[in-house]
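Participant: Coordinates in upload34.txt, compact mmCIF, C-alpha atoms, are listed below.
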```
# COMPACT_ATOMS: atom_id res chain seq x y z
CA MET A 1 -9.33 -11.34 -5.59
CA ARG A 2 -7.95 -14.43 -3.91
CA ASN A 3 -4.21 -14.80 -4.01
CA GLU A 4 -1.31 -16.38 -2.20
CA GLY A 5 -0.64 -15.10 1.28
CA ILE A 6 1.80 -12.28 1.97
CA LEU A 7 4.78 -12.67 4.25
CA ILE A 8 4.59 -9.78 6.69
CA VAL A 9 7.60 -8.80 8.76
CA VAL A 10 6.93 -6.57 11.74
CA SER A 11 9.75 -4.75 13.46
CA GLY A 12 9.83 -1.77 15.72
CA PHE A 13 11.19 -0.26 18.89
CA SER A 14 11.15 -2.48 21.94
CA GLY A 15 8.22 -1.06 23.88
CA ALA A 16 6.26 0.07 20.82
CA GLY A 17 3.74 -2.70 21.46
CA LYS A 18 4.38 -5.04 18.52
CA GLY A 19 3.36 -8.18 20.41
CA THR A 20 0.00 -6.78 21.54
CA LEU A 21 -0.68 -5.36 18.06
CA MET A 22 -0.02 -8.68 16.34
CA LYS A 23 -2.16 -10.60 18.81
CA ARG A 24 -5.03 -8.15 18.35
CA LEU A 25 -4.68 -8.17 14.54
CA VAL A 26 -4.96 -11.97 14.42
CA GLU A 27 -7.95 -11.89 16.80
CA ALA A 28 -9.78 -9.11 14.97
CA TYR A 29 -9.43 -10.33 11.37
CA ASP A 30 -9.45 -13.63 9.52
CA GLY A 31 -6.77 -14.82 7.19
CA TYR A 32 -3.70 -14.26 9.35
CA ALA A 33 -1.22 -16.75 10.77
CA LEU A 34 1.30 -15.78 13.42
CA SER A 35 4.67 -17.40 12.89
CA ILE A 36 6.16 -19.11 15.94
CA SER A 37 9.92 -18.93 16.42
CA ALA A 38 12.25 -21.71 17.45
CA THR A 39 14.68 -20.99 20.27
CA THR A 40 17.31 -22.66 22.41
CA ARG A 41 16.46 -20.58 25.47
CA LYS A 42 14.69 -22.39 28.31
CA PRO A 43 10.90 -22.01 28.60
CA ARG A 44 9.82 -19.43 31.22
CA PRO A 45 7.02 -20.33 33.66
CA GLY A 46 3.72 -20.33 31.76
CA GLU A 47 5.26 -20.66 28.31
CA GLU A 48 4.09 -23.61 26.25
CA GLU A 49 5.87 -25.59 23.55
CA GLY A 50 4.47 -24.53 20.15
CA ARG A 51 2.59 -21.55 21.54
CA GLU A 52 5.23 -18.97 22.55
CA TYR A 53 8.13 -20.85 20.96
CA PHE A 54 9.33 -24.18 19.72
CA PHE A 55 11.94 -25.04 22.33
CA LEU A 56 14.96 -26.85 20.90
CA SER A 57 18.36 -28.01 22.14
CA ARG A 58 21.44 -26.39 20.58
CA GLU A 59 22.05 -29.64 18.66
CA GLN A 60 18.52 -29.68 17.26
CA PHE A 61 18.75 -26.00 16.36
CA GLU A 62 22.08 -26.38 14.60
CA LYS A 63 20.75 -29.31 12.61
CA ARG A 64 17.87 -27.09 11.44
CA ILE A 65 20.33 -24.43 10.36
CA ALA A 66 22.34 -27.01 8.40
CA ASP A 67 19.13 -28.35 6.79
CA HIS A 68 18.04 -24.81 5.72
CA ALA A 69 14.91 -25.43 7.73
CA LEU A 70 15.01 -21.89 9.13
CA ILE A 71 14.31 -18.78 7.05
CA GLU A 72 16.57 -16.75 9.30
CA HIS A 73 18.20 -17.14 12.67
CA ALA A 74 20.28 -15.09 15.05
CA GLU A 75 22.12 -15.56 18.30
CA TYR A 76 21.09 -13.21 21.07
CA CYS A 77 22.38 -13.28 24.66
CA GLY A 78 23.82 -16.74 24.12
CA ASN A 79 20.63 -18.28 22.71
CA TYR A 80 19.54 -19.04 19.17
CA TYR A 81 16.28 -17.70 17.75
CA GLY A 82 14.98 -18.58 14.30
CA THR A 83 11.95 -18.85 12.00
CA PRO A 84 10.91 -22.34 10.85
CA ARG A 85 10.46 -22.38 7.09
CA ASP A 86 7.89 -25.20 6.74
CA TYR A 87 5.14 -23.46 8.75
CA VAL A 88 5.60 -20.14 6.94
CA GLU A 89 5.50 -21.66 3.46
CA LYS A 90 2.55 -23.92 4.20
CA GLU A 91 0.44 -21.02 5.50
CA LEU A 92 1.40 -18.75 2.58
CA SER A 93 0.49 -21.41 0.03
CA GLU A 94 -2.91 -21.78 1.71
CA GLY A 95 -3.56 -18.06 1.21
CA ARG A 96 -2.95 -16.85 4.74
CA ASP A 97 -0.85 -13.78 5.47
CA VAL A 98 1.94 -14.89 7.76
CA ILE A 99 3.22 -12.43 10.36
CA LEU A 100 6.76 -12.56 11.72
CA GLU A 101 7.91 -10.31 14.52
CA ILE A 102 11.61 -9.82 14.06
CA GLU A 103 14.37 -7.20 14.43
CA ILE A 104 15.82 -5.27 11.53
CA GLN A 105 18.77 -7.53 10.61
CA GLY A 106 16.44 -10.52 10.34
CA ALA A 107 13.91 -8.43 8.42
CA LEU A 108 16.50 -7.57 5.78
CA LYS A 109 17.60 -11.20 5.48
CA ILE A 110 13.98 -12.19 4.87
CA LYS A 111 13.51 -9.49 2.23
CA GLU A 112 16.50 -10.98 0.35
CA GLN A 113 14.86 -14.42 0.22
CA TYR A 114 11.26 -13.20 -0.15
CA PRO A 115 11.42 -9.95 -2.14
CA ASP A 116 7.62 -9.72 -1.98
CA ALA A 117 7.62 -9.68 1.82
CA LEU A 118 5.95 -6.63 3.33
CA LEU A 119 8.15 -4.90 5.91
CA LEU A 120 6.28 -2.93 8.58
CA PHE A 121 7.83 -0.78 11.27
CA VAL A 122 6.01 0.10 14.49
CA SER A 123 6.87 3.26 16.40
CA THR A 124 5.49 5.12 19.39
CA PRO A 125 4.30 8.70 18.75
CA ASP A 126 7.52 10.00 20.34
CA ALA A 127 10.56 8.96 22.35
CA ALA A 128 9.12 10.12 25.68
CA GLU A 129 6.22 7.69 25.23
CA LEU A 130 8.65 4.88 24.43
CA ARG A 131 10.52 5.56 27.67
CA ARG A 132 7.21 5.68 29.59
CA ARG A 133 6.13 2.30 28.20
CA LEU A 134 9.49 0.71 28.94
CA SER A 135 9.42 2.08 32.50
CA GLY A 136 5.73 1.22 32.92
CA ARG A 137 6.40 -2.48 32.56
CA GLY A 138 8.01 -2.18 35.99
CA THR A 139 10.15 -5.23 35.31
CA GLU A 140 13.16 -3.49 33.81
CA THR A 141 16.04 -1.76 35.55
CA GLN A 142 17.09 1.76 34.53
CA GLU A 143 20.11 0.20 32.89
CA VAL A 144 17.98 -2.09 30.71
CA ILE A 145 15.69 0.80 29.74
CA GLN A 146 18.71 2.89 28.80
CA LYS A 147 20.06 0.01 26.70
CA ARG A 148 16.74 -0.36 24.89
CA LEU A 149 16.57 3.35 24.12
CA CYS A 150 20.11 3.16 22.82
CA ARG A 151 19.11 0.24 20.61
CA ALA A 152 15.99 2.13 19.47
CA ALA A 153 18.19 5.03 18.35
CA LYS A 154 20.18 2.59 16.22
CA GLU A 155 17.03 0.93 14.84
CA ALA A 156 15.61 4.32 13.87
CA GLY A 157 18.46 4.53 11.37
CA GLY A 158 16.98 1.62 9.42
CA ILE A 159 13.34 2.68 9.05
CA GLU A 160 13.78 3.58 5.37
CA ALA A 161 14.32 -0.11 4.59
CA TYR A 162 10.69 -0.75 5.57
CA ASP A 163 7.72 -0.48 3.26
CA TYR A 164 5.49 1.20 5.83
CA ILE A 165 5.69 2.84 9.22
CA VAL A 166 2.77 2.86 11.66
CA ILE A 167 2.48 4.77 14.90
CA ASN A 168 1.01 2.82 17.79
CA ASP A 169 -0.75 5.58 19.70
CA ASP A 170 -4.21 4.03 20.05
CA LEU A 171 -4.12 0.22 19.80
CA GLU A 172 -7.37 -0.29 17.86
CA THR A 173 -6.60 2.48 15.38
CA CYS A 174 -3.16 1.05 14.77
CA VAL A 175 -4.53 -2.48 14.26
CA LYS A 176 -6.95 -1.11 11.65
CA GLU A 177 -4.13 0.73 9.91
CA LEU A 178 -1.99 -2.40 9.81
CA HIS A 179 -4.86 -4.42 8.39
CA GLY A 180 -5.54 -1.71 5.79
CA ILE A 181 -1.91 -1.66 4.70
CA ILE A 182 -1.87 -5.45 4.31
CA ARG A 183 -5.19 -5.46 2.41
CA ALA A 184 -3.82 -2.79 0.06
CA ALA A 185 -0.75 -4.92 -0.66
CA HIS A 186 -3.04 -7.66 -2.00
CA HIS A 187 -4.02 -5.28 -4.81
CA ALA A 188 -0.53 -5.02 -6.33
CA PRO A 189 -0.55 -6.24 -9.96
CA GLY A 190 2.25 -8.70 -9.14
CA ARG A 191 -0.12 -10.41 -6.71
CA ASN A 192 -2.93 -10.58 -9.27
CA GLU A 193 -1.21 -12.04 -12.28
CA ALA A 194 -3.79 -14.78 -12.76
CA PHE A 195 -6.65 -12.27 -12.82
CA ILE A 196 -4.86 -9.91 -15.22
CA GLU A 197 -4.03 -12.83 -17.53
CA LYS A 198 -7.65 -14.01 -17.50
CA MET A 199 -8.92 -10.50 -18.25
CA ARG A 200 -6.50 -10.19 -21.17
CA ARG A 201 -7.57 -13.50 -22.68
CA GLU A 202 -11.24 -12.59 -22.31
CA LEU A 203 -10.78 -9.17 -23.89
CA GLU A 204 -8.95 -10.69 -26.83
CA GLY A 205 -11.89 -13.08 -27.21
CA LYS A 206 -14.44 -10.25 -26.98
CA GLN A 207 -12.84 -8.48 -29.92
CA ILE A 208 -13.45 -11.51 -32.09
CA GLU A 209 -16.95 -12.48 -30.92
CA ASN A 210 -19.66 -9.98 -31.87
CA MET B 211 0.68 11.47 10.69
CA ARG B 212 -0.04 14.55 8.65
CA ASN B 213 1.86 14.82 5.40
CA GLU B 214 1.72 16.36 1.97
CA GLY B 215 -1.08 15.11 -0.25
CA ILE B 216 -0.58 12.24 -2.69
CA LEU B 217 -1.13 12.59 -6.42
CA ILE B 218 -3.44 9.73 -7.38
CA VAL B 219 -3.82 8.73 -11.00
CA VAL B 220 -6.82 6.56 -11.81
CA SER B 221 -7.04 4.71 -15.09
CA GLY B 222 -9.08 1.77 -16.20
CA PHE B 223 -11.22 0.29 -18.89
CA SER B 224 -13.88 2.55 -20.35
CA GLY B 225 -17.02 1.22 -18.68
CA ALA B 226 -15.30 0.10 -15.48
CA GLY B 227 -16.98 2.93 -13.60
CA LYS B 228 -14.04 5.21 -12.80
CA GLY B 229 -16.11 8.40 -12.83
CA THR B 230 -18.74 7.09 -10.41
CA LEU B 231 -16.05 5.63 -8.14
CA MET B 232 -14.13 8.90 -7.93
CA LYS B 233 -17.28 10.91 -7.25
CA ARG B 234 -18.31 8.51 -4.49
CA LEU B 235 -14.80 8.48 -2.97
CA VAL B 236 -14.72 12.27 -2.71
CA GLU B 237 -18.26 12.31 -1.23
CA ALA B 238 -17.60 9.55 1.29
CA TYR B 239 -14.26 10.69 2.70
CA ASP B 240 -12.55 13.97 3.56
CA GLY B 241 -9.19 15.07 2.29
CA TYR B 242 -9.63 14.46 -1.42
CA ALA B 243 -9.63 16.91 -4.31
CA LEU B 244 -10.75 15.91 -7.78
CA SER B 245 -8.62 17.45 -10.51
CA ILE B 246 -10.54 19.18 -13.29
CA SER B 247 -9.16 18.93 -16.81
CA ALA B 248 -8.85 21.66 -19.38
CA THR B 249 -10.19 20.92 -22.87
CA THR B 250 -10.78 22.57 -26.23
CA ARG B 251 -13.90 20.56 -26.93
CA LYS B 252 -17.19 22.44 -26.75
CA PRO B 253 -19.28 22.13 -23.57
CA ARG B 254 -22.15 19.62 -23.83
CA PRO B 255 -25.59 20.62 -22.58
CA GLY B 256 -25.53 20.68 -18.77
CA GLU B 257 -21.76 20.93 -18.48
CA GLU B 258 -20.43 23.87 -16.49
CA GLU B 259 -17.17 25.78 -16.78
CA GLY B 260 -14.89 24.72 -13.90
CA ARG B 261 -17.10 21.77 -12.88
CA GLU B 262 -16.76 19.17 -15.64
CA TYR B 263 -13.93 20.96 -17.45
CA PHE B 264 -12.19 24.24 -17.95
CA PHE B 265 -13.21 25.08 -21.51
CA LEU B 266 -10.45 26.79 -23.49
CA SER B 267 -9.88 27.89 -27.08
CA ARG B 268 -7.07 26.20 -29.01
CA GLU B 269 -5.01 29.38 -28.67
CA GLN B 270 -5.47 29.50 -24.90
CA PHE B 271 -4.67 25.79 -24.62
CA GLU B 272 -1.52 26.07 -26.71
CA LYS B 273 -0.33 29.01 -24.62
CA ARG B 274 -0.75 26.82 -21.50
CA ILE B 275 1.30 24.08 -23.12
CA ALA B 276 4.05 26.60 -23.95
CA ASP B 277 3.96 27.97 -20.38
CA HIS B 278 4.28 24.45 -18.89
CA ALA B 279 1.04 25.18 -17.10
CA LEU B 280 -0.24 21.65 -17.82
CA ILE B 281 1.18 18.52 -16.16
CA GLU B 282 0.23 16.47 -19.20
CA HIS B 283 -1.93 16.90 -22.25
CA ALA B 284 -3.08 14.84 -25.20
CA GLU B 285 -5.03 15.33 -28.39
CA TYR B 286 -8.01 13.03 -28.79
CA CYS B 287 -10.56 13.12 -31.65
CA GLY B 288 -9.29 16.53 -32.69
CA ASN B 289 -9.54 18.12 -29.23
CA TYR B 290 -6.94 18.86 -26.58
CA TYR B 291 -7.30 17.56 -23.03
CA GLY B 292 -4.88 18.43 -20.24
CA THR B 293 -4.31 18.72 -16.48
CA PRO B 294 -3.70 22.23 -15.05
CA ARG B 295 -0.62 22.22 -12.85
CA ASP B 296 -1.49 25.08 -10.46
CA TYR B 297 -4.61 23.45 -9.01
CA VAL B 298 -2.89 20.09 -8.49
CA GLU B 299 0.13 21.55 -6.76
CA LYS B 300 -1.86 23.90 -4.55
CA GLU B 301 -4.08 21.06 -3.30
CA LEU B 302 -1.13 18.73 -2.71
CA SER B 303 0.75 21.37 -0.71
CA GLU B 304 -2.35 21.84 1.46
CA GLY B 305 -2.32 18.13 2.30
CA ARG B 306 -5.16 16.95 0.11
CA ASP B 307 -4.87 13.86 -2.06
CA VAL B 308 -5.52 14.93 -5.63
CA ILE B 309 -7.24 12.49 -7.96
CA LEU B 310 -6.72 12.54 -11.72
CA GLU B 311 -8.70 10.32 -14.04
CA ILE B 312 -6.54 9.74 -17.06
CA GLU B 313 -5.61 7.08 -19.62
CA ILE B 314 -2.41 5.06 -19.50
CA GLN B 315 -0.15 7.25 -21.68
CA GLY B 316 -0.95 10.28 -19.53
CA ALA B 317 -0.52 8.21 -16.37
CA LEU B 318 3.00 7.25 -17.38
CA LYS B 319 3.90 10.86 -18.22
CA ILE B 320 2.73 11.91 -14.77
CA LYS B 321 4.75 9.18 -13.07
CA GLU B 322 7.86 10.56 -14.80
CA GLN B 323 7.30 14.04 -13.34
CA TYR B 324 5.88 12.89 -10.00
CA PRO B 325 7.60 9.61 -9.14
CA ASP B 326 5.63 9.47 -5.87
CA ALA B 327 2.29 9.50 -7.70
CA LEU B 328 0.09 6.52 -6.91
CA LEU B 329 -1.18 4.76 -10.06
CA LEU B 330 -4.46 2.88 -9.67
CA PHE B 331 -6.14 0.74 -12.31
CA VAL B 332 -9.86 -0.05 -12.23
CA SER B 333 -11.20 -3.20 -13.87
CA THR B 334 -14.53 -4.96 -14.06
CA PRO B 335 -14.63 -8.53 -12.66
CA ASP B 336 -14.52 -9.87 -16.24
CA ALA B 337 -14.78 -8.88 -19.89
CA ALA B 338 -18.44 -9.94 -20.20
CA GLU B 339 -19.38 -7.45 -17.48
CA LEU B 340 -17.43 -4.72 -19.26
CA ARG B 341 -19.41 -5.39 -22.44
CA ARG B 342 -22.68 -5.42 -20.46
CA ARG B 343 -21.90 -2.03 -18.89
CA LEU B 344 -20.90 -0.51 -22.22
CA SER B 345 -24.08 -1.84 -23.86
CA GLY B 346 -26.20 -0.88 -20.83
CA ARG B 347 -25.49 2.80 -21.30
CA GLY B 348 -27.74 2.49 -24.34
CA THR B 349 -26.04 5.46 -25.95
CA GLU B 350 -23.31 3.64 -27.85
CA THR B 351 -23.51 1.86 -31.18
CA GLN B 352 -22.18 -1.69 -31.57
CA GLU B 353 -19.27 -0.22 -33.46
CA VAL B 354 -18.33 2.10 -30.59
CA ILE B 355 -18.64 -0.74 -28.06
CA GLN B 356 -16.42 -2.90 -30.21
CA LYS B 357 -13.86 -0.10 -30.44
CA ARG B 358 -13.85 0.33 -26.67
CA LEU B 359 -13.35 -3.39 -26.08
CA CYS B 360 -10.51 -3.29 -28.57
CA ARG B 361 -8.96 -0.39 -26.68
CA ALA B 362 -9.52 -2.21 -23.37
CA ALA B 363 -7.56 -5.17 -24.72
CA LYS B 364 -4.66 -2.82 -25.48
CA GLU B 365 -4.92 -1.11 -22.08
CA ALA B 366 -4.83 -4.48 -20.32
CA GLY B 367 -1.28 -4.77 -21.62
CA GLY B 368 -0.21 -1.87 -19.43
CA ILE B 369 -1.64 -2.86 -16.04
CA GLU B 370 1.78 -3.84 -14.65
CA ALA B 371 2.82 -0.17 -14.80
CA TYR B 372 0.25 0.55 -12.09
CA ASP B 373 0.84 0.31 -8.36
CA TYR B 374 -2.53 -1.27 -7.62
CA ILE B 375 -5.45 -2.87 -9.39
CA VAL B 376 -8.98 -2.77 -7.99
CA ILE B 377 -12.02 -4.62 -9.26
CA ASN B 378 -15.21 -2.59 -9.39
CA ASP B 379 -17.79 -5.28 -8.73
CA ASP B 380 -19.72 -3.65 -5.88
CA LEU B 381 -19.35 0.15 -5.88
CA GLU B 382 -19.21 0.71 -2.11
CA THR B 383 -16.73 -2.13 -1.57
CA CYS B 384 -14.52 -0.77 -4.31
CA VAL B 385 -14.63 2.78 -2.90
CA LYS B 386 -13.53 1.41 0.49
CA GLU B 387 -10.71 -0.51 -1.14
CA LEU B 388 -9.50 2.57 -3.00
CA HIS B 389 -9.60 4.63 0.17
CA GLY B 390 -7.71 1.89 2.05
CA ILE B 391 -5.01 1.75 -0.62
CA ILE B 392 -4.56 5.52 -0.50
CA ARG B 393 -4.47 5.59 3.32
CA ALA B 394 -1.83 2.86 3.27
CA ALA B 395 0.32 4.90 0.89
CA HIS B 396 0.48 7.67 3.50
CA HIS B 397 2.41 5.27 5.73
CA ALA B 398 5.41 4.92 3.40
CA PRO B 399 8.62 6.10 5.14
CA GLY B 400 9.29 8.50 2.25
CA ARG B 401 6.06 10.29 3.13
CA ASN B 402 6.97 10.50 6.83
CA GLU B 403 10.47 11.88 6.73
CA ALA B 404 9.71 14.69 9.17
CA PHE B 405 8.33 12.25 11.75
CA ILE B 406 11.24 9.83 11.36
CA GLU B 407 13.75 12.67 11.69
CA LYS B 408 12.02 13.95 14.82
CA MET B 409 11.97 10.46 16.36
CA ARG B 410 15.69 10.06 15.65
CA ARG B 411 16.60 13.36 17.26
CA GLU B 412 14.48 12.55 20.32
CA LEU B 413 16.00 9.09 20.73
CA GLU B 414 19.51 10.52 20.51
CA GLY B 415 18.47 12.97 23.23
CA LYS B 416 16.98 10.21 25.42
CA GLN B 417 20.27 8.35 25.44
CA ILE B 418 21.98 11.35 27.00
CA GLU B 419 19.32 12.41 29.51
CA ASN B 420 18.82 9.99 32.36
```
Kindly transcribe the structure held in the file into structure tokens.
Facilitator:
Amino acid sequence: MRNEGILIVVSGFSGAGKGTLMKRLVEAYDGYALSISATTRKPRPGEEEGREYFFLSREQFEKRIADHALIEHAEYCGNYYGTPRDYVEKELSEGRDVILEIEIQGALKIKEQYPDALLLFVSTPDAAELRRRLSGRGTETQEVIQKRLCRAAKEAGGIEAYDYIVINDDLETCVKELHGIIRAAHHAPGRNEAFIEKMRRELEGKQIEN
Amino acid sequence: MRNEGILIVVSGFSGAGKGTLMKRLVEAYDGYALSISATTRKPRPGEEEGREYFFLSREQFEKRIADHALIEHAEYCGNYYGTPRDYVEKELSEGRDVILEIEIQGALKIKEQYPDALLLFVSTPDAAELRRRLSGRGTETQEVIQKRLCRAAKEAGGIEAYDYIVINDDLETCVKELHGIIRAAHHAPGRNEAFIEKMRRELEGKQIEN
């Protein structure tokens, strides 16, 4: 059953490992495209234009907003972040499942525009593990970790808005689960209208022929 | 994530191979229970009480209807067929996914009583293949085959009521797809309320401890 691609929105607690999961999913299986965000923040050392982000000036970004060239955007710590529409729609129309990593407010905005989008939430097995992973990065102060846990507590209030929740305990297991969930979604009748229509026409024909 | 079992209703065109699929699914993976129907039709040679069916008299069957001991029942060619409630609910509460093979009217009745039930529809790749499989059994007259195709055409009108459609082209592939769809369903937030609640409580706690 070949159909149009599915728009997949991945959210989850900071520290749950979304980035690594997405990278591994795209490596391990065919048919995925990872959406790249636009941002007005400056590139960090090692970041490349069009790989981590599309880096834009505020003027360029605001023009994109005005042109409806972004599916969603948000301002965060004084910088804009947003999802370019053209890339997403091109990949979907070519049958690839497009993955966006985005926080809950953006996820809900996307669901409004793309009601068929699949919303996935990634969690750690428990809160202690989340704290361990945030601390383990070694790059964050206690204050930042505390802030992230506080934000996680808020985000946990929105999980019911998602279609599926996955627990990232073992990376490879979780990648398989994500892939399974996305494959399952391709079997919804709404995503197989052409096949169902064809089957109906054929069955009507079979009643007549003998 | 361990949760309560899912009630899985499998329908599909006569000849699509539902029976073989279900048998193979239960053989290949743990955690499934195949529901056994009650019927008033006489056992055929080789059929065993409690394996193919529970064989009941009309009086016994009607008492079960009156006692609400059947989830659904229907009369077909002068015989009753129905699904015993006690077995289904016991297996679900023990965490097994219970599979019912049932036609569309019964499927819709079950969805009313169990809104969380997962409705799966099995199709052949096309109508010609359906006719080939019906003819290939060698046991059916042309008239019976024609009747089944006629019924299939009607059933095709109801596919949108199902959650998922699978195409039984290659048996093993289709069994894997079914299993994947059912595994995915276990990840719905509504089936993980205990985990989500636990995570919320822990995150609230983490904000306070430091």
Participant: Kindly provide the residues of chain B that approach chain A to within 9 Å, each paired with its closest atom pair and their distance in Å to one decimal, based on all atoms listed in the file, listed by chain and increasing number, as CSV.
Facilitator:
```
residue,atom,partner,partner_atom,distance
B:Met211,CA,A:Ile167,CA,8.1
B:Ser333,CA,A:Met199,CA,8.8
B:Thr334,CA,A:Met199,CA,8.9
B:Pro335,CA,A:Met199,CA,8.2
B:Asp336,CA,A:Met199,CA,6.0
B:Ala337,CA,A:Leu203,CA,5.7
B:Ala338,CA,A:Lys206,CA,7.9
B:Arg341,CA,A:Lys206,CA,8.3
B:Gln352,CA,A:Asn210,CA,8.7
B:Gln356,CA,A:Gln207,CA,6.6
B:Lys357,CA,A:Gln207,CA,8.5
B:Leu359,CA,A:Gln207,CA,6.4
B:Cys360,CA,A:Gln207,CA,5.8
B:Ala362,CA,A:Leu203,CA,7.1
B:Ala363,CA,A:Leu203,CA,5.2
B:Lys364,CA,A:Arg200,CA,8.7
B:Ala366,CA,A:Arg200,CA,6.0
B:Gly367,CA,A:Arg200,CA,7.5
B:Ile369,CA,A:Pro189,CA,7.0
B:Glu370,CA,A:Pro189,CA,5.8
B:Ala371,CA,A:Pro189,CA,8.5
B:Tyr372,CA,A:Pro189,CA,7.2
B:Asp373,CA,A:Ala188,CA,5.9
B:Tyr374,CA,A:Ala188,CA,4.4
B:Ile375,CA,A:His187,CA,5.4
B:Val376,CA,A:His187,CA,6.4
B:Ile377,CA,A:Met1,CA,8.1
B:Glu387,CA,A:Ala184,CA,7.4
B:Leu388,CA,A:Ala184,CA,8.4
B:Gly390,CA,A:Gly180,CA,5.6
B:Ile391,CA,A:Ala184,CA,4.7
B:Ile392,CA,A:Ala184,CA,8.4
B:Arg393,CA,A:Gly180,CA,7.8
B:Ala394,CA,A:Ile181,CA,4.7
B:Ala395,CA,A:Ile181,CA,7.9
B:His396,CA,A:Tyr164,CA,8.5
B:His397,CA,A:Tyr164,CA,5.1
B:Ala398,CA,A:Tyr164,CA,4.4
B:Pro399,CA,A:Glu160,CA,5.7
B:Gly400,CA,A:Glu160,CA,7.4
B:Asn402,CA,A:Ile165,CA,8.1
B:Phe405,CA,A:Pro125,CA,8.8
B:Ile406,CA,A:Ala156,CA,7.5
B:Glu407,CA,A:Ala156,CA,8.8
B:Lys408,CA,A:Asp126,CA,8.1
B:Met409,CA,A:Asp126,CA,6.0
B:Arg410,CA,A:Ala156,CA,6.0
B:Arg411,CA,A:Ala153,CA,8.6
B:Glu412,CA,A:Ala127,CA,5.7
B:Leu413,CA,A:Ala153,CA,5.2
B:Glu414,CA,A:Ala153,CA,6.0
B:Gly415,CA,A:Ala127,CA,8.9
B:Lys416,CA,A:Leu149,CA,7.0
B:Gln417,CA,A:Cys150,CA,5.8
B:Asn420,CA,A:Gln146,CA,7.9
```
Participant: Would you compute the distance between CA of Glu52 in chain A and CA of Ser37 in chain A? Give it in Å to one decimal.
Facilitator: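 CA of Ser37 in chain A lies at a distance of 7.7 Å from CA of Glu52 in chain A.
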Participant: Between CA of Val122 in chain A and CA of Gly82 in chain A, what is the distance, to one decimal in Å?
Facilitator: 20.7 Å
Participant: Quick one: distance from CA of Tyr242 in chain B to CA of Asp307 in chain B in Å, one decimal?
Facilitator: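 One can read the CA of Tyr242 in chain B to CA of Asp307 in chain B distance as 4.8 Å.
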Participant: For Val26 in chain A, list every protein, DNA or RNA residue within 12 Å, evaluated using only C-alpha atoms, and leave out those in the same chain fewer than 2 positions away; present the list as number ranges by chain.
Facilitator: A: 19-24, 28-35, 96-99, 175-176, 178-179
Participant: Fewer than 5 positions away in the same chain doesn't count, so skip those; otherwise give me all residues within 9 Å of range 68-73 of chain A, counting all atoms listed in the file, as an MDAnalysis selection string.
Facilitator: chainID A and resid 38 63 80:86 88 106:107 109:110 113
Participant: Kindly provide, as AutoDock Vina command-line options, the centre and edge lengths (Å, one decimal) of an axis-aligned box around all atoms of range 70-84 of chain A given in the file, with 5 Å on each side.
Facilitator:
```
--center_x 17.4 --center_y -17.8 --center_z 15.9 --size_x 22.9 --size_y 19.1 --size_z 27.6
```
